[in-house]
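Visitor: Contents are TSV, C-alpha atoms; file name data-v3.tsv:
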chain	number	residue	atom	x	y	z
A	157	MET	CA	10.28	-35.73	76.88
A	158	VAL	CA	11.19	-37.74	73.79
A	159	SER	CA	14.77	-37.70	72.52
A	160	SER	CA	15.51	-37.26	68.84
A	161	ALA	CA	17.02	-40.77	68.82
A	162	SER	CA	13.79	-42.26	70.19
A	163	ARG	CA	11.77	-40.33	67.66
A	164	ILE	CA	13.78	-41.64	64.72
A	165	ILE	CA	13.83	-45.25	65.97
A	166	TYR	CA	10.05	-45.06	66.32
A	167	ARG	CA	9.90	-44.00	62.66
A	168	LEU	CA	12.14	-46.92	61.66
A	169	GLU	CA	9.82	-49.29	63.54
A	170	THR	CA	6.73	-47.81	61.91
A	171	ILE	CA	8.19	-48.02	58.41
A	172	VAL	CA	8.86	-51.77	58.53
A	173	GLN	CA	5.50	-52.51	60.14
A	174	HIS	CA	3.42	-51.33	57.20
A	175	ASP	CA	1.84	-54.58	56.01
A	176	GLU	CA	3.22	-54.63	52.46
A	177	GLY	CA	2.25	-58.24	51.87
A	178	GLY	CA	-1.22	-58.03	53.42
A	179	ARG	CA	-0.48	-60.98	55.71
A	180	GLY	CA	-2.22	-59.87	58.90
A	181	LEU	CA	0.79	-58.12	60.43
A	182	LYS	CA	-1.42	-56.05	62.73
A	183	ASP	CA	-2.04	-59.13	64.86
A	184	LEU	CA	1.72	-59.55	65.44
A	185	ILE	CA	2.69	-55.97	66.23
A	186	GLN	CA	3.58	-55.11	69.81
A	187	PRO	CA	3.13	-51.68	71.43
A	188	ALA	CA	5.55	-49.10	70.02
A	189	GLY	CA	9.04	-49.14	71.46
A	190	GLU	CA	10.14	-52.76	71.03
A	191	LEU	CA	12.79	-51.81	68.45
A	192	GLU	CA	14.32	-49.09	70.60
A	193	MET	CA	14.37	-51.18	73.78
A	194	ALA	CA	15.95	-54.11	71.95
A	195	ALA	CA	18.53	-51.91	70.21
A	196	ARG	CA	19.60	-50.25	73.46
A	197	ALA	CA	19.82	-53.61	75.23
A	198	LEU	CA	21.84	-55.11	72.38
A	199	GLN	CA	24.18	-52.12	72.39
A	200	ARG	CA	24.87	-52.77	76.10
A	201	ALA	CA	25.12	-56.56	75.80
A	202	SER	CA	28.36	-58.46	76.23
A	203	SER	CA	29.79	-60.68	73.48
A	204	PRO	CA	29.25	-63.03	71.89
A	205	ILE	CA	25.85	-62.26	70.37
A	206	ALA	CA	23.92	-65.31	69.15
A	207	ILE	CA	22.05	-64.84	65.85
A	208	LEU	CA	19.55	-67.57	64.94
A	209	THR	CA	18.18	-67.69	61.39
A	210	GLY	CA	17.12	-70.04	58.63
A	211	PHE	CA	13.61	-71.05	57.58
A	212	PRO	CA	13.66	-74.27	55.50
A	213	CYS	CA	10.12	-73.97	54.19
A	214	LEU	CA	10.72	-75.09	50.59
A	215	LEU	CA	10.24	-78.76	51.35
A	216	GLU	CA	10.51	-80.06	47.76
A	217	HIS	CA	13.81	-78.33	47.06
A	218	THR	CA	17.44	-78.84	48.02
A	219	PRO	CA	18.39	-76.71	49.79
A	220	PRO	CA	14.97	-75.82	51.26
A	221	THR	CA	16.17	-72.36	52.35
A	222	GLU	CA	14.22	-69.18	51.58
A	223	THR	CA	15.66	-65.75	50.81
A	224	ASP	CA	14.18	-64.06	53.86
A	225	GLY	CA	16.21	-64.17	57.06
A	226	PRO	CA	19.94	-64.47	56.32
A	227	PRO	CA	20.31	-60.99	54.72
A	228	GLY	CA	18.67	-59.40	57.75
A	229	ALA	CA	20.80	-61.55	60.06
A	230	LEU	CA	23.98	-60.39	58.33
A	231	ALA	CA	22.87	-56.76	58.62
A	232	ILE	CA	22.59	-57.25	62.38
A	233	ILE	CA	25.95	-59.03	62.50
A	234	ARG	CA	27.59	-56.19	60.55
A	235	ALA	CA	26.27	-53.70	63.10
A	236	CYS	CA	27.39	-55.80	66.06
A	237	ILE	CA	30.89	-56.25	64.65
A	238	GLY	CA	31.04	-52.53	63.96
A	239	LEU	CA	30.28	-51.97	67.64
A	240	GLY	CA	33.17	-54.21	68.63
A	241	LYS	CA	31.12	-57.31	69.44
A	242	THR	CA	31.65	-60.88	68.33
A	243	CYS	CA	28.82	-62.97	66.87
A	244	ILE	CA	27.84	-66.61	66.50
A	245	LEU	CA	25.34	-67.51	63.78
A	246	LEU	CA	23.31	-70.68	64.44
A	247	THR	CA	21.27	-72.45	61.77
A	248	ASP	CA	20.18	-75.85	60.45
A	249	GLN	CA	22.57	-78.04	58.50
A	250	CYS	CA	20.29	-77.85	55.48
A	251	ASN	CA	20.82	-74.08	55.35
A	252	ALA	CA	24.61	-74.23	55.70
A	253	ALA	CA	25.60	-73.80	52.05
A	254	VAL	CA	23.26	-70.85	51.54
A	255	ILE	CA	24.38	-69.15	54.76
A	256	GLN	CA	28.04	-69.59	53.94
A	257	ALA	CA	27.50	-68.21	50.43
A	258	ALA	CA	25.64	-65.21	51.84
A	259	VAL	CA	28.44	-64.48	54.30
A	260	ALA	CA	31.11	-64.80	51.62
A	261	ALA	CA	29.21	-62.48	49.30
A	262	ASP	CA	28.55	-59.88	51.99
A	263	SER	CA	32.00	-58.87	53.23
A	264	PRO	CA	35.43	-60.47	53.69
A	265	TYR	CA	35.63	-58.71	57.06
A	266	ILE	CA	32.43	-60.36	58.28
A	267	SER	CA	33.45	-63.70	56.81
A	268	ALA	CA	36.71	-63.62	58.76
A	269	SER	CA	35.04	-62.52	62.01
A	270	LEU	CA	31.89	-64.65	62.18
A	271	GLN	CA	31.57	-68.04	63.86
A	272	ILE	CA	28.95	-70.26	62.20
A	273	GLU	CA	27.41	-73.24	64.01
A	274	THR	CA	25.13	-75.68	62.16
A	275	PHE	CA	22.94	-78.34	63.71
A	276	PRO	CA	21.07	-81.37	62.30
A	277	ALA	CA	17.31	-81.82	62.47
A	278	LYS	CA	15.84	-82.68	65.87
A	279	SER	CA	15.36	-86.36	64.97
A	280	GLU	CA	19.13	-86.69	64.50
A	281	TRP	CA	20.16	-85.04	67.78
A	282	THR	CA	22.39	-86.84	70.24
A	283	ASP	CA	24.04	-85.79	73.48
A	284	VAL	CA	26.75	-84.19	71.36
A	285	GLU	CA	24.35	-81.59	69.93
A	286	ILE	CA	22.73	-80.94	73.29
A	287	CYS	CA	26.11	-80.37	74.96
A	288	ARG	CA	27.26	-78.13	72.13
A	289	LEU	CA	24.15	-75.97	72.35
A	290	ARG	CA	24.42	-75.85	76.15
A	291	ARG	CA	28.03	-74.65	75.88
A	292	LEU	CA	27.01	-71.90	73.49
A	293	GLY	CA	24.16	-70.95	75.79
A	294	CYS	CA	26.59	-70.40	78.64
A	295	GLU	CA	28.71	-68.08	76.48
A	296	VAL	CA	26.29	-65.71	74.78
A	297	GLY	CA	25.30	-62.28	76.05
A	298	PHE	CA	22.20	-61.67	73.88
A	299	VAL	CA	20.08	-63.70	71.44
A	300	VAL	CA	18.51	-62.46	68.20
A	301	ALA	CA	16.22	-64.78	66.25
A	302	ILE	CA	15.31	-63.47	62.80
A	303	GLU	CA	13.04	-65.43	60.48
A	304	ARG	CA	13.83	-68.50	62.54
A	305	ALA	CA	11.41	-71.43	62.66
A	306	GLY	CA	9.80	-71.76	66.09
A	307	PRO	CA	7.79	-74.61	67.64
A	308	ALA	CA	4.00	-74.60	67.71
A	309	ARG	CA	2.07	-75.82	70.76
A	310	ASP	CA	2.29	-79.42	69.51
A	311	GLY	CA	6.09	-79.14	69.34
A	312	HIS	CA	6.27	-79.24	65.54
A	313	TYR	CA	7.54	-76.57	63.13
A	314	TYR	CA	5.21	-75.35	60.41
A	315	THR	CA	5.31	-73.31	57.22
A	316	MET	CA	2.72	-70.57	56.72
A	317	ARG	CA	0.70	-73.12	54.74
A	318	GLY	CA	0.66	-75.45	57.74
A	319	ARG	CA	3.16	-77.96	56.37
A	320	CYS	CA	5.49	-79.64	58.85
A	321	MET	CA	9.23	-78.85	58.56
A	322	ASP	CA	10.48	-81.24	61.26
A	323	THR	CA	12.71	-83.18	58.85
A	324	PHE	CA	14.89	-80.07	58.46
A	325	VAL	CA	14.60	-77.96	61.62
A	326	ALA	CA	17.01	-78.14	64.54
A	327	PRO	CA	15.48	-77.20	67.93
A	328	LEU	CA	17.66	-74.12	68.32
A	329	GLU	CA	14.99	-72.46	70.47
A	330	GLN	CA	16.38	-74.61	73.29
A	331	LEU	CA	19.24	-72.12	73.43
A	332	MET	CA	16.78	-69.74	75.08
A	333	SER	CA	16.48	-72.00	78.12
A	334	LEU	CA	20.20	-72.74	78.26
A	335	THR	CA	21.43	-69.16	78.53
A	336	ARG	CA	22.08	-67.41	81.83
A	337	PRO	CA	18.77	-66.24	83.39
A	338	ALA	CA	19.45	-62.55	82.78
A	339	ILE	CA	20.15	-62.92	79.05
A	340	GLU	CA	17.73	-60.88	76.93
A	341	SER	CA	16.48	-61.71	73.45
A	342	LEU	CA	14.78	-60.29	70.38
A	343	GLY	CA	12.59	-62.12	67.89
A	344	ILE	CA	12.02	-60.74	64.38
A	345	GLY	CA	9.37	-62.26	62.16
A	346	ASP	CA	6.54	-61.61	59.73
A	347	GLY	CA	4.12	-64.53	59.87
A	348	GLY	CA	3.47	-65.75	63.41
A	349	ASN	CA	5.35	-69.06	63.13
A	350	GLU	CA	8.79	-67.61	63.89
A	351	LEU	CA	10.79	-67.90	67.09
A	352	GLY	CA	9.77	-65.11	69.44
A	353	MET	CA	6.13	-64.96	68.35
A	354	GLY	CA	5.08	-66.61	71.60
A	355	LYS	CA	4.95	-63.06	72.95
A	356	ALA	CA	1.91	-62.47	70.73
A	357	TRP	CA	0.58	-66.04	70.77
A	358	GLU	CA	-2.97	-65.33	71.93
A	359	ARG	CA	-3.49	-62.63	69.31
A	360	ILE	CA	-2.02	-64.83	66.59
A	361	VAL	CA	-4.20	-67.88	67.27
A	362	GLY	CA	-7.25	-65.63	67.34
A	363	SER	CA	-6.37	-63.89	64.08
A	364	ALA	CA	-8.75	-64.14	61.16
A	365	SER	CA	-6.04	-62.75	58.85
A	366	ILE	CA	-3.44	-65.50	59.33
A	367	PRO	CA	-4.31	-68.85	57.69
A	368	HIS	CA	-3.72	-71.91	59.92
A	369	ALA	CA	-2.95	-69.53	62.81
A	370	SER	CA	-3.98	-71.88	65.60
A	371	ARG	CA	-1.79	-74.64	64.18
A	372	ILE	CA	1.37	-72.77	63.17
A	373	ALA	CA	1.72	-70.09	65.89
A	374	CYS	CA	5.05	-70.30	67.71
A	375	VAL	CA	4.80	-70.66	71.49
A	376	THR	CA	8.34	-69.53	72.33
A	377	ALA	CA	8.56	-65.90	73.40
A	378	THR	CA	11.50	-63.51	73.38
A	379	THR	CA	12.09	-60.49	75.59
A	380	TRP	CA	11.22	-58.19	72.70
A	381	LEU	CA	9.38	-58.89	69.46
A	382	LEU	CA	9.68	-56.92	66.24
A	383	ALA	CA	7.06	-57.80	63.65
A	384	ALA	CA	8.03	-56.57	60.19
A	385	SER	CA	6.43	-56.79	56.77
A	386	VAL	CA	9.53	-58.77	55.69
A	387	SER	CA	11.90	-60.14	58.32
A	388	ASN	CA	14.96	-58.92	56.42
A	389	TRP	CA	13.57	-55.40	56.74
A	390	GLY	CA	13.39	-55.86	60.49
A	391	GLY	CA	17.09	-56.74	60.45
A	392	TYR	CA	17.88	-53.62	58.43
A	393	ALA	CA	15.82	-51.53	60.85
A	394	LEU	CA	17.70	-52.94	63.85
A	395	SER	CA	21.07	-52.13	62.29
A	396	CYS	CA	19.86	-48.58	61.64
A	397	ALA	CA	18.57	-48.28	65.22
A	398	LEU	CA	21.97	-49.41	66.52
A	399	ALA	CA	23.63	-46.68	64.44
A	400	VAL	CA	21.25	-44.08	65.85
A	401	VAL	CA	21.92	-45.22	69.42
A	402	ALA	CA	25.68	-45.35	68.87
A	403	ALA	CA	25.75	-41.79	67.53
A	404	GLU	CA	23.67	-40.55	70.43
A	405	ILE	CA	25.86	-42.24	73.04
A	406	GLU	CA	29.06	-41.06	71.45
A	407	GLU	CA	27.98	-37.43	71.32
A	408	LYS	CA	26.82	-37.48	74.92
A	409	GLU	CA	29.98	-39.14	76.18
A	410	THR	CA	32.73	-37.60	74.08
A	411	GLY	CA	31.42	-34.49	72.34
A	412	PRO	CA	32.52	-33.42	68.86
A	413	ARG	CA	35.51	-35.21	67.35
A	414	THR	CA	36.48	-36.58	63.96
A	415	TRP	CA	37.12	-40.17	63.06
A	416	SER	CA	38.79	-42.09	60.25
A	417	PHE	CA	39.17	-45.71	59.20
A	418	THR	CA	42.35	-47.48	60.29
A	419	SER	CA	41.72	-50.76	58.47
A	420	GLU	CA	40.62	-51.76	54.97
A	421	GLY	CA	37.86	-49.17	54.94
A	422	ASP	CA	35.05	-51.59	54.11
A	423	GLY	CA	32.68	-49.90	56.53
A	424	VAL	CA	33.30	-52.20	59.46
A	425	GLY	CA	36.86	-51.77	60.72
A	426	PRO	CA	38.38	-49.90	63.66
A	427	TRP	CA	38.32	-46.11	63.93
A	428	LYS	CA	40.80	-43.49	65.14
A	429	ALA	CA	39.73	-40.35	66.98
A	430	GLY	CA	40.69	-36.87	65.86
A	431	THR	CA	39.95	-33.40	67.21
A	432	ASP	CA	38.32	-31.23	64.53
A	433	PRO	CA	34.74	-30.36	65.65
A	434	ASP	CA	33.86	-29.04	62.18
A	435	GLN	CA	33.61	-32.61	60.92
A	436	TRP	CA	31.37	-33.90	63.72
A	437	GLN	CA	28.34	-33.95	61.45
A	438	ALA	CA	30.17	-36.19	59.00
A	439	ARG	CA	31.13	-38.51	61.83
A	440	ARG	CA	27.50	-38.92	62.77
A	441	ASN	CA	26.70	-39.92	59.20
A	442	GLU	CA	29.56	-42.39	59.25
A	443	TRP	CA	27.84	-44.42	61.98
A	444	VAL	CA	25.14	-45.31	59.47
A	445	ASP	CA	27.69	-46.26	56.83
A	446	ARG	CA	29.66	-48.25	59.35
A	447	LEU	CA	26.82	-50.29	60.84
A	448	VAL	CA	24.21	-50.53	58.08
A	449	PRO	CA	24.75	-52.45	54.82
A	450	SER	CA	24.74	-50.50	51.59
A	451	GLU	CA	22.35	-51.41	48.81
A	452	ALA	CA	25.28	-52.93	46.90
A	453	GLN	CA	26.21	-55.11	49.86
A	454	ALA	CA	22.61	-56.21	50.40
A	455	SER	CA	22.23	-57.02	46.71
A	456	SER	CA	25.46	-59.03	46.75
A	457	THR	CA	24.31	-60.99	49.81
A	458	LEU	CA	20.99	-61.88	48.21
A	459	GLY	CA	22.67	-62.81	44.93
A	460	GLY	CA	25.12	-65.07	46.73
A	461	MET	CA	22.26	-66.86	48.45
A	462	VAL	CA	20.38	-67.47	45.23
A	463	ALA	CA	23.53	-68.73	43.52
A	464	ALA	CA	23.81	-71.30	46.34
A	465	GLY	CA	20.20	-72.43	45.83
A	466	ALA	CA	18.01	-70.16	47.97
A	467	ARG	CA	14.48	-69.51	46.70
A	468	ASP	CA	11.65	-67.08	47.27
A	469	GLY	CA	9.56	-68.45	50.14
A	470	ILE	CA	6.27	-67.49	48.48
A	471	THR	CA	6.71	-68.53	44.84
A	472	GLY	CA	9.41	-71.16	45.25
A	473	GLU	CA	11.33	-69.57	42.40
A	474	ARG	CA	15.12	-69.42	42.47
A	475	THR	CA	15.21	-65.67	42.29
A	476	THR	CA	16.14	-62.62	44.35
A	477	ARG	CA	12.49	-62.07	45.21
A	478	VAL	CA	11.82	-62.02	48.96
A	479	ASP	CA	8.39	-63.03	50.26
A	480	GLY	CA	6.99	-62.67	46.77
A	481	MET	CA	8.33	-59.14	46.24
A	482	PRO	CA	11.11	-58.23	43.78
A	483	GLY	CA	14.57	-57.78	45.26
A	484	ALA	CA	14.43	-54.15	44.16
A	485	VAL	CA	11.63	-53.54	46.68
A	486	SER	CA	13.88	-54.69	49.52
A	487	LEU	CA	16.68	-52.43	48.29
A	488	GLN	CA	14.25	-49.51	48.18
A	489	MET	CA	13.25	-50.28	51.77
A	490	LEU	CA	16.90	-50.41	52.84
A	491	ARG	CA	17.48	-47.03	51.18
A	492	ARG	CA	14.49	-45.55	52.99
A	493	LEU	CA	15.64	-46.89	56.35
A	494	ARG	CA	19.18	-45.58	55.83
A	495	GLU	CA	17.81	-42.17	54.90
A	496	THR	CA	15.59	-42.16	57.99
A	497	ALA	CA	18.55	-43.08	60.21
A	498	ARG	CA	20.55	-40.27	58.61
A	499	GLU	CA	17.78	-37.86	59.54
A	500	HIS	CA	18.72	-38.61	63.12
A	501	VAL	CA	22.18	-37.20	62.64
A	502	GLU	CA	20.62	-33.99	61.34
A	503	LEU	CA	18.48	-33.81	64.48
A	504	MET	CA	21.13	-34.74	67.01
A	505	GLY	CA	21.43	-31.13	68.09
A	506	GLU	CA	17.80	-31.31	69.23
A	507	ARG	CA	18.34	-33.03	72.54
A	508	SER	CA	14.65	-33.51	73.27
A	509	GLU	CA	11.16	-32.42	72.44
A	510	VAL	CA	7.89	-32.29	74.35
What does this structure look like when you write it as structure tokens?

Guide:
Amino acid sequence: MVSSASRIIYRLETIVQHDEGGRGLKDLIQPAGELEMAARALQRASSPIAILTGFPCLLEHTPPTETDGPPGALAIIRACIGLGKTCILLTDQCNAAVIQAAVAADSPYISASLQIETFPAKSEWTDVEICRLRRLGCEVGFVVAIERAGPARDGHYYTMRGRCMDTFVAPLEQLMSLTRPAIESLGIGDGGNELGMGKAWERIVGSASIPHASRIACVTATTWLLAASVSNWGGYALSCALAVVAAEIEEKETGPRTWSFTSEGDGVGPWKAGTDPDQWQARRNEWVDRLVPSEAQASSTLGGMVAAGARDGITGERTTRVDGMPGAVSLQMLRRLRETAREHVELMGERSEV
């Protein structure tokens, strides 16, 4: 028996795994179900949630930060905050200005709620950085790494072209070994060199579709791995999956009721329960609006990043393109994912199917 929630999350997963960029995504994709398992685990996880992002692959530019990663990270953070969780975003010092600009452009509510921790490159680490990361590791209840540089088998960090990024990258993957043993994690990536791709390492190094695969493949695995055509899209898909799961849980636990904003009404704040069952369908739709960024919010986030110096990781241009594709393509994908998640609320009455 497959629940309607599972069916829709599977569709979300399938949508973002169509290889739009022709980059050999098939060699990264795990068996179906990674998105749903990760979303359900994240929904259950205790705060704070650690979000790792930042891929400083534009080595000739300052800052060297690309446009893929932070928008997806902020989509996940929005969803977590909407579920009542706190979040800590970890990144490299070289990405700090871009990350802060993205957060400021996204939402004042998120900006006021989010803790940001930046770390210097590995060559500059002292006991201070190690102790700080260890302290964070003892606090977090779940780790999400999205478009986050991960170490290859030689310990170095590489771009898709096989260029070394060590002068910029902090070894934030060490957080994975510093957390409590039971802490679960999700990696989201699109190339094979991102944190979490160790779960597919053998397939990646044997891939004929990924240039420099044997050199760049990340060896660090996460509990779950979501390969997406663009990592930001994986972040959008996770936020949609969290909305689907939240709606399902709420209906099962509380039955029909109405809800309304009690704060600024920016799509993130607290809610107040009512009693009119006629508006239950609208409440289901509101989960998507509450947890998933709108196209306007996503566009603002991307624009804020570019204004702070972020560039397209493929062309190197200071533009809202992401992985070589126009920003409008990402907004179209976000719209499609939101619409797919909304289909779930239409199907919630169908408890299961054979």

Visitor: Give the answer as one residue: which of A:Lys278, A:Pro204, A:Ile164, A:Trp357 has the shortest atom-to-atom distance to A:Glu495, using all atoms listed in the file?

Guide: A:Ile164

Visitor: Compile the contact shell of A:Phe324 as a ChimeraX atom specification: residues with an atom at most 8 Å away, counting all atoms listed in the file, same-chain residues fewer than 2 positions apart removed.

Guide: /A:212,248-250,276-278,321-322,326

Visitor: Ranking A:Val361, A:Leu191, A:Ala399, A:Cys320 by minimum distance to A:Leu215 and counting all atoms listed in the file, which one comes first?

Guide: A:Cys320

Visitor: Could you build a table of the residues in stretch 363-419 of chain A lying no more than 12 Å from stretch 297-318 of chain A, giving for each the nearest pair of atoms and their separation in Å rounded to one decimal place, using only C-alpha atoms, ordered by chain and ascending residue number, as a Markdown table?

Guide:
| residue | atom | partner | partner_atom | distance |
| --- | --- | --- | --- | --- |
| A:Ser365 | CA | A:Met316 | CA | 11.9 |
| A:Ile366 | CA | A:Met316 | CA | 8.4 |
| A:Pro367 | CA | A:Arg317 | CA | 7.2 |
| A:His368 | CA | A:Gly318 | CA | 6.0 |
| A:Ala369 | CA | A:Met316 | CA | 8.4 |
| A:Ser370 | CA | A:Ala308 | CA | 8.7 |
| A:Arg371 | CA | A:Ala308 | CA | 6.8 |
| A:Ile372 | CA | A:Tyr314 | CA | 5.4 |
| A:Ala373 | CA | A:Ala308 | CA | 5.4 |
| A:Cys374 | CA | A:Ala308 | CA | 4.4 |
| A:Val375 | CA | A:Ala308 | CA | 5.5 |
| A:Thr376 | CA | A:Gly306 | CA | 6.8 |
| A:Ala377 | CA | A:Gly306 | CA | 9.5 |
| A:Thr378 | CA | A:Ala301 | CA | 8.6 |
| A:Thr379 | CA | A:Val299 | CA | 9.6 |
| A:Trp380 | CA | A:Val300 | CA | 9.6 |
| A:Leu381 | CA | A:Ala301 | CA | 9.6 |
| A:Leu382 | CA | A:Ile302 | CA | 9.3 |
| A:Ala383 | CA | A:Ile302 | CA | 10.0 |
| A:Ala384 | CA | A:Glu303 | CA | 10.2 |
| A:Ser385 | CA | A:Glu303 | CA | 11.5 |
| A:Val386 | CA | A:Glu303 | CA | 8.9 |
| A:Ser387 | CA | A:Glu303 | CA | 5.8 |
| A:Asn388 | CA | A:Ile302 | CA | 7.8 |
| A:Trp389 | CA | A:Ile302 | CA | 10.2 |
| A:Gly390 | CA | A:Ile302 | CA | 8.2 |
| A:Gly391 | CA | A:Ile302 | CA | 7.3 |
| A:Tyr392 | CA | A:Ile302 | CA | 11.1 |
| A:Leu394 | CA | A:Val300 | CA | 10.5 |

Visitor: With only C-alpha atoms as the basis for distance, which of A:Ser455, A:Ile266, A:Asn251, A:Val158 is at the shortest distance from A:Glu222?

Guide: A:Asn251

Visitor: Atom CA of A:Gly348 and atom CA of A:Leu331, how far apart in Å?

Guide: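 Separation between atom CA of A:Leu331 and atom CA of A:Gly348: 19.7 Å.
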
Visitor: Counting only C-alpha atoms, which residue out of A:Glu273, A:Glu404, A:Ile165, A:Ser363 sits closest to A:Gly347?

Guide: A:Ser363

Visitor: Return the single residue from A:Thr209, A:Ser333, A:Thr496, A:Gln488 that is closest to A:Ile272, with distances computed using only C-alpha atoms.

Guide: A:Thr209

Visitor: Neighbours of A:Asp479 within 8 Å (all atoms listed in the file; same-chain residues fewer than 3 positions away dropped), as an MDAnalysis selection string?

Guide: chainID A and resid 177 223:224 386 468:471

Visitor: Find the spatial neighbours of A:Leu168, counting all atoms listed in the file, within a cut-off of 8 Å - ignore same-chain residues fewer than 2 positions away - and output them as a ChimeraX atom specification.

Guide: /A:164-166,170-172,393,396-397,493,496-497

Visitor: With all atoms listed in the file as the basis for distance, which of A:Val400, A:Ile233, A:Ile185, A:Val485 is at the shortest distance from A:Arg163?

Guide: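 Checking each of A:Val400, A:Ile233, A:Ile185, A:Val485 against A:Arg163, counting all atoms listed in the file, the winner is A:Val400.
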
Visitor: Do you have the atom CA of A:Ile405-atom CA of A:Glu340 distance handy?

Guide: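 Rounded to one decimal, the two atoms are 20.7 Å apart.
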
Visitor: Could you please determine the separation between atom CA of A:Leu230 and atom CA of A:Met481 in Å, to one decimal place?

Guide: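 Between these atoms lies a distance of 19.8 Å.
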
Visitor: Mind giving me the axis-aligned box for stretch 452-465 of chain A with 4 Å on every side, centre plus edges in Å to one decimal, as lines of an AutoDock Vina configuration file?

Guide:
center_x = 23.2
center_y = -62.7
center_z = 47.0
size_x = 14.0
size_y = 27.5
size_z = 14.9

Visitor: What would the list of residues within 9 Å of (24.4, -72.7, 53.1) (file frame) look like as a list in words, if only C-alpha atoms are what count?

Guide: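 Those residues lying close to the given coordinates are Pro219, Thr221, Gln249, Cys250, Asn251, Ala252, Ala253, Val254, Ile255, Gln256, Ala257, Ala258, Met461, Ala464, Gly465 and Ala466 of chain A.
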
Visitor: Please complete stretch 340-351 of chain A with N, CA, C and O atoms and give it back as a compact mmCIF listing (two decimals), in the frame of the given file.

Guide:
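part28.txt was written with the following content:
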# COMPACT_ATOMS: atom_id res chain seq x y z
N GLU A 340 18.92 -61.40 77.62
CA GLU A 340 17.73 -60.88 76.93
C GLU A 340 17.75 -61.32 75.46
O GLU A 340 18.79 -61.76 74.94
N SER A 341 16.60 -61.20 74.82
CA SER A 341 16.48 -61.71 73.45
C SER A 341 15.50 -60.88 72.64
O SER A 341 14.62 -60.20 73.18
N LEU A 342 15.66 -60.97 71.33
CA LEU A 342 14.78 -60.29 70.38
C LEU A 342 14.37 -61.27 69.30
O LEU A 342 15.21 -61.98 68.74
N GLY A 343 13.08 -61.33 69.01
CA GLY A 343 12.59 -62.12 67.89
C GLY A 343 12.11 -61.19 66.79
O GLY A 343 11.45 -60.19 67.06
N ILE A 344 12.46 -61.51 65.55
CA ILE A 344 12.02 -60.74 64.38
C ILE A 344 11.33 -61.70 63.43
O ILE A 344 11.91 -62.72 63.04
N GLY A 345 10.10 -61.39 63.05
CA GLY A 345 9.37 -62.26 62.16
C GLY A 345 8.25 -61.54 61.44
O GLY A 345 7.99 -60.36 61.70
N ASP A 346 7.58 -62.25 60.53
CA ASP A 346 6.54 -61.61 59.73
C ASP A 346 5.28 -62.45 59.54
O ASP A 346 4.35 -62.02 58.87
N GLY A 347 5.27 -63.66 60.15
CA GLY A 347 4.12 -64.53 59.87
C GLY A 347 3.41 -65.09 61.08
O GLY A 347 2.26 -65.52 60.98
N GLY A 348 4.08 -65.18 62.21
CA GLY A 348 3.47 -65.75 63.41
C GLY A 348 4.04 -67.10 63.79
O GLY A 348 3.82 -67.58 64.90
N ASN A 349 4.77 -67.73 62.86
CA ASN A 349 5.35 -69.06 63.13
C ASN A 349 6.84 -68.99 63.43
O ASN A 349 7.51 -70.02 63.48
N GLU A 350 7.37 -67.78 63.64
CA GLU A 350 8.79 -67.61 63.89
C GLU A 350 9.11 -67.57 65.39
O GLU A 350 8.27 -67.19 66.20
N LEU A 351 10.33 -67.94 65.71
CA LEU A 351 10.79 -67.90 67.09
C LEU A 351 10.65 -66.49 67.65
O LEU A 351 11.08 -65.53 67.04
